[in-house]
Amino acid sequence: MFDYLIVGAGFAGSVLAERLATRSNKKVLIIDKRSHIAGNAYDHYNEEGILIHKYGPHIFHTNSKDVFDYLGNFTEWRPYEHRVLASVDGQFVPMPINLDTINKLYGLNLTSFQVEEFFASVAEPVANIKTSEDVVVSKVGRELYNKFFKNYTNKQWGLDPSQLDKSVTSRVPTRTNRDDRYFTDTYQAMPLHGYTRMFEKMLDHPNIKIMLNTDYHEVIDFIPFKEMIFTGPVDEYFDHKFGKLPYRSLEFKHETLSKEKHLAAPVVNYPNDNLYTRITEFKALTGQEHPKTALVYEYPQAEGDPYYPIPMAENAELYNKYKKLAEETPNVHFVGRLATYKYYNMDQVVAQALTLYKKLTEKSDEAIKKPAISGSTSLVEKLVSRDPAKPKA
């Protein structure tokens with residue numbers, strides 16, 4: 001008899017498995033339909049021996065010392081500050097937009113004070129900011145919106161920014177200084193030996209059993225357990241009773257080149273050209289030395305594995321129907337991006353899982369009668385409510 005059956009071996013499931021096994025001496029079975037642990041953060045060495053992220057770049061950053069120190073139990077860290085260029089008007093310029101972006105794009109020599117005046121002069125007043133378009137044009141005006149955001153958003157989401165909630169572009173700041181870091185969090189680093197190695201150490205405990213290549217539907221009737229922690233799509237758990245929750249997916253095309261370096265930055269965005277949104281060069285993230293280099297191109301698409309919940313009012317309304325069902329389902333706890341239909345950064349998922357663990361340990365097995373849609377307590381709130389002008393990984 002397992003104390004917990006955990007569906008999904010990504011951040012949410014693995015953190016909870018580790019805490020329950022090591023701190024509470026619970027017997028845990030963690031299952032995943034994929035052939036590996038670590039979820040979308042899974043990395044591995046390709047045929048040329050280059051460490052790559054199978055599902056696109058994962059850049060760790062957080063303002064939470066608790067989260068950073070917790071993961072530090074399972075990995076050494078390699079300091080890393082992420083930088084991105086955007087291909088606009090035949091030039092590669094810093095993204096998010098900063099002082100150097102404007103000066104290079106327009107051949108100017110503005111100071112920080114002057115660029116602030118420049119933004120104010122081109123901004124379009126918006127009385128009630130509701131959409132992603134409103135956010136950008138109210139900050140930097142229509143021309144920069146068209147150059148950097150409109151077409152990129154169309155590719156990424158399959159929707160015009162005017163159709164998307166303001167939260168999408170609110171994550172991307174506009175800077176009046178020369179800070180070209182993509183993130184400004186206190187802690188920015190990469191696992192020294194990769195994410196998969198970190199997950200392996202996290203799940204290396206005699207109380208944890210792992211089943212891969214396994215759909216939980218196929219085993220749930222045969223495995224005895226007391227409670228379930230579900231990290232998959234919440235609508236899937238309820239057999240799409242109210243319809244499918246919409247997600248945006250990605251196709252990743254990997255390439256190895258016989259040269260040491262290819263890109264001018266770890267990631268280059270292509271808002272207006274090509275069908276892909278960005279290219280990543282992995283050695284720039286990992287610090288690995290190798291005579292060849294590995295890239296990945298990202299092509300957004302409607303079908304495929306669910307990656308991004310689509311932030312629209314009607315989707316939130318549909319999710320709330322599933323949330324109500326989840327709250328009424330005894331002994332099942334829903335946690336993570338897919339189970340709560342919200343785009344979380346990696347640190348926020350870890351915080352959410354640690355919050356749920358705390359809830360579970362505050363009650364005895366007999367007292368736990370209701371599931372938890374996690375993320376309503378302090379640590380997660382701090383991370384989710386932090387400066388919204390921080391872009392996502």
# chains A, B, ... in the order shown; residues from 1 in each chain; ligands from 1

$ residues_around --residues "range 101-109 of chain A" --least-positions-apart "6" --cutoff "8 Å" --atoms "only C-alpha atoms" --output "ChimeraX atom specification"
/A:89,91,93-95,115

$ select_by_dssp --residues "range 224-283 of chain A" --states "helix (DSSP H, G or I)" --output "MDAnalysis selection string"
chainID A and resid 234:237 282:283

$ write_last_selection --atoms "N, CA, C and O atoms" --output "short mmCIF file (atom, residue, chain, number, x, y, z; two decimals), in the first residue's frame"
data_model
loop_
_atom_site.label_atom_id
_atom_site.label_comp_id
_atom_site.auth_asym_id
_atom_site.auth_seq_id
_atom_site.Cartn_x
_atom_site.Cartn_y
_atom_site.Cartn_z
N VAL A 234 -5.96 19.21 -15.51
CA VAL A 234 -7.11 18.99 -14.64
C VAL A 234 -8.33 18.56 -15.44
O VAL A 234 -9.14 17.74 -14.97
N ASP A 235 -8.48 19.05 -16.67
CA ASP A 235 -9.63 18.64 -17.47
C ASP A 235 -9.53 17.19 -17.90
O ASP A 235 -10.54 16.49 -18.03
N GLU A 236 -8.29 16.70 -18.09
CA GLU A 236 -8.09 15.30 -18.42
C GLU A 236 -8.51 14.40 -17.27
O GLU A 236 -9.11 13.34 -17.48
N TYR A 237 -8.21 14.81 -16.05
CA TYR A 237 -8.59 14.01 -14.88
C TYR A 237 -10.10 13.79 -14.85
O TYR A 237 -10.58 12.71 -14.49
N PHE A 282 22.57 25.87 -26.61
CA PHE A 282 22.61 25.30 -25.26
C PHE A 282 23.92 25.49 -24.53
O PHE A 282 23.94 25.64 -23.31
N LYS A 283 25.03 25.45 -25.23
CA LYS A 283 26.32 25.59 -24.55
C LYS A 283 26.43 26.93 -23.82
O LYS A 283 27.13 27.04 -22.81
#

$ residues_around --residues "Lys244 in chain A" --least-positions-apart "4" --cutoff "12 Å" --atoms "only C-alpha atoms" --output "compact mmCIF listing (two decimals) with N, CA and C atoms, in the first residue's frame"
# COMPACT_ATOMS: atom_id res chain seq x y z
N PRO A 233 -3.08 17.59 -16.65
CA PRO A 233 -4.17 18.52 -16.99
C PRO A 233 -5.43 18.21 -16.19
N VAL A 234 -5.96 19.21 -15.51
CA VAL A 234 -7.11 18.99 -14.64
C VAL A 234 -8.33 18.56 -15.44
N ASP A 235 -8.48 19.05 -16.67
CA ASP A 235 -9.63 18.64 -17.47
C ASP A 235 -9.53 17.19 -17.90
N GLU A 236 -8.29 16.70 -18.09
CA GLU A 236 -8.09 15.30 -18.42
C GLU A 236 -8.51 14.40 -17.27
N TYR A 237 -8.21 14.81 -16.05
CA TYR A 237 -8.59 14.01 -14.88
C TYR A 237 -10.10 13.79 -14.85
N PHE A 238 -10.84 14.81 -15.23
CA PHE A 238 -12.31 14.72 -15.20
C PHE A 238 -12.89 14.38 -16.56
N ASP A 239 -12.08 13.71 -17.40
CA ASP A 239 -12.53 13.23 -18.70
C ASP A 239 -13.17 14.33 -19.55
N HIS A 240 -12.63 15.54 -19.44
CA HIS A 240 -13.07 16.68 -20.24
C HIS A 240 -14.59 16.89 -20.13
N PRO A 306 0.58 19.89 -23.98
CA PRO A 306 0.16 21.19 -23.46
C PRO A 306 1.31 21.91 -22.76
N PRO A 309 -1.10 27.51 -20.86
CA PRO A 309 -2.53 27.84 -20.77
C PRO A 309 -2.78 29.16 -21.48
N ILE A 310 -3.84 29.24 -22.24
CA ILE A 310 -4.12 30.46 -23.02
C ILE A 310 -4.93 31.43 -22.16
N ASN A 315 -11.51 31.06 -21.00
CA ASN A 315 -10.76 29.90 -20.53
C ASN A 315 -10.69 29.86 -19.02
N LEU A 318 -13.93 28.49 -17.82
CA LEU A 318 -14.00 27.05 -17.97
C LEU A 318 -13.16 26.36 -16.91
N TYR A 319 -11.96 26.87 -16.64
CA TYR A 319 -11.11 26.26 -15.61
C TYR A 319 -11.79 26.30 -14.25
N LYS A 321 -14.76 25.88 -13.49
CA LYS A 321 -15.69 24.75 -13.36
C LYS A 321 -14.92 23.50 -12.93
N TYR A 322 -13.75 23.29 -13.52
CA TYR A 322 -12.93 22.13 -13.13
C TYR A 322 -12.35 22.32 -11.73
N TYR A 341 -4.00 25.13 -14.23
CA TYR A 341 -4.19 25.91 -15.46
C TYR A 341 -3.63 27.33 -15.31

$ residues_around --residues "Arg19 in chain A" --least-positions-apart "3" --cutoff "12 Å" --atoms "only C-alpha atoms" --output "ChimeraX atom specification"
/A:4,12-16,22-28,70-71,73,202-205,207-208,350,353-358,360-361

$ select_by_dssp --residues "range 208-373 of chain A" --states "strand (DSSP E or B)" --output "number ranges by chain"
A: 208-211, 225-230, 247-257, 267-269, 278-281, 293-301, 308-309, 332-334, 373

$ write_last_selection --atoms "C-alpha atoms" --output "mmCIF file, in the first residue's frame"
data_model
loop_
_atom_site.group_PDB
_atom_site.id
_atom_site.type_symbol
_atom_site.label_atom_id
_atom_site.label_comp_id
_atom_site.auth_asym_id
_atom_site.auth_seq_id
_atom_site.Cartn_x
_atom_site.Cartn_y
_atom_site.Cartn_z
ATOM 1 C CA ILE A 208 10.112 6.345 -3.673
ATOM 2 C CA LYS A 209 9.239 3.992 -6.505
ATOM 3 C CA ILE A 210 9.105 5.248 -10.101
ATOM 4 C CA MET A 211 7.117 3.924 -13.054
ATOM 5 C CA PHE A 225 -2.821 3.886 -2.419
ATOM 6 C CA LYS A 226 -4.336 6.217 0.147
ATOM 7 C CA GLU A 227 -4.160 9.560 -1.630
ATOM 8 C CA MET A 228 -3.288 10.932 -5.035
ATOM 9 C CA ILE A 229 -1.310 13.974 -6.070
ATOM 10 C CA PHE A 230 -2.207 14.888 -9.640
ATOM 11 C CA TYR A 247 -3.344 25.128 -24.493
ATOM 12 C CA ARG A 248 -0.634 26.330 -26.814
ATOM 13 C CA SER A 249 1.971 23.756 -27.755
ATOM 14 C CA LEU A 250 5.445 23.784 -29.279
ATOM 15 C CA GLU A 251 7.424 21.757 -31.765
ATOM 16 C CA PHE A 252 11.176 21.632 -31.110
ATOM 17 C CA LYS A 253 13.652 21.109 -33.938
ATOM 18 C CA HIS A 254 17.157 20.326 -32.720
ATOM 19 C CA GLU A 255 20.302 20.848 -34.761
ATOM 20 C CA THR A 256 24.026 20.259 -34.196
ATOM 21 C CA LEU A 257 26.604 22.390 -36.037
ATOM 22 C CA VAL A 267 18.743 33.040 -27.232
ATOM 23 C CA VAL A 268 17.735 35.078 -30.285
ATOM 24 C CA ASN A 269 14.079 35.997 -30.774
ATOM 25 C CA ARG A 278 13.406 31.830 -31.180
ATOM 26 C CA ILE A 279 16.652 29.870 -31.403
ATOM 27 C CA THR A 280 18.600 28.712 -28.344
ATOM 28 C CA GLU A 281 22.261 27.696 -28.188
ATOM 29 C CA THR A 293 27.325 23.374 -30.788
ATOM 30 C CA ALA A 294 23.662 22.419 -30.449
ATOM 31 C CA LEU A 295 20.645 24.598 -31.228
ATOM 32 C CA VAL A 296 16.892 24.281 -30.879
ATOM 33 C CA TYR A 297 14.267 26.109 -32.940
ATOM 34 C CA GLU A 298 10.801 26.612 -31.408
ATOM 35 C CA TYR A 299 7.687 26.439 -33.578
ATOM 36 C CA PRO A 300 4.447 27.261 -31.730
ATOM 37 C CA GLN A 301 1.450 25.155 -32.684
ATOM 38 C CA TYR A 308 0.987 27.273 -22.145
ATOM 39 C CA PRO A 309 -2.533 27.842 -20.769
ATOM 40 C CA VAL A 332 -6.855 14.003 -4.591
ATOM 41 C CA HIS A 333 -4.575 17.041 -4.565
ATOM 42 C CA PHE A 334 -4.089 19.071 -7.736
ATOM 43 C CA ILE A 373 -5.776 23.582 -5.425
#

$ closest_residue --among "A:Asn320, A:Ser167, A:Asn98, A:Gln288" --to "Leu144 in chain A" --atoms "only C-alpha atoms"
A:Asn98

$ closest_residue --among "A:Gly90, A:Gly56, A:Leu5, A:Glu48" --to "Phe222 in chain A" --atoms "only C-alpha atoms"
A:Leu5
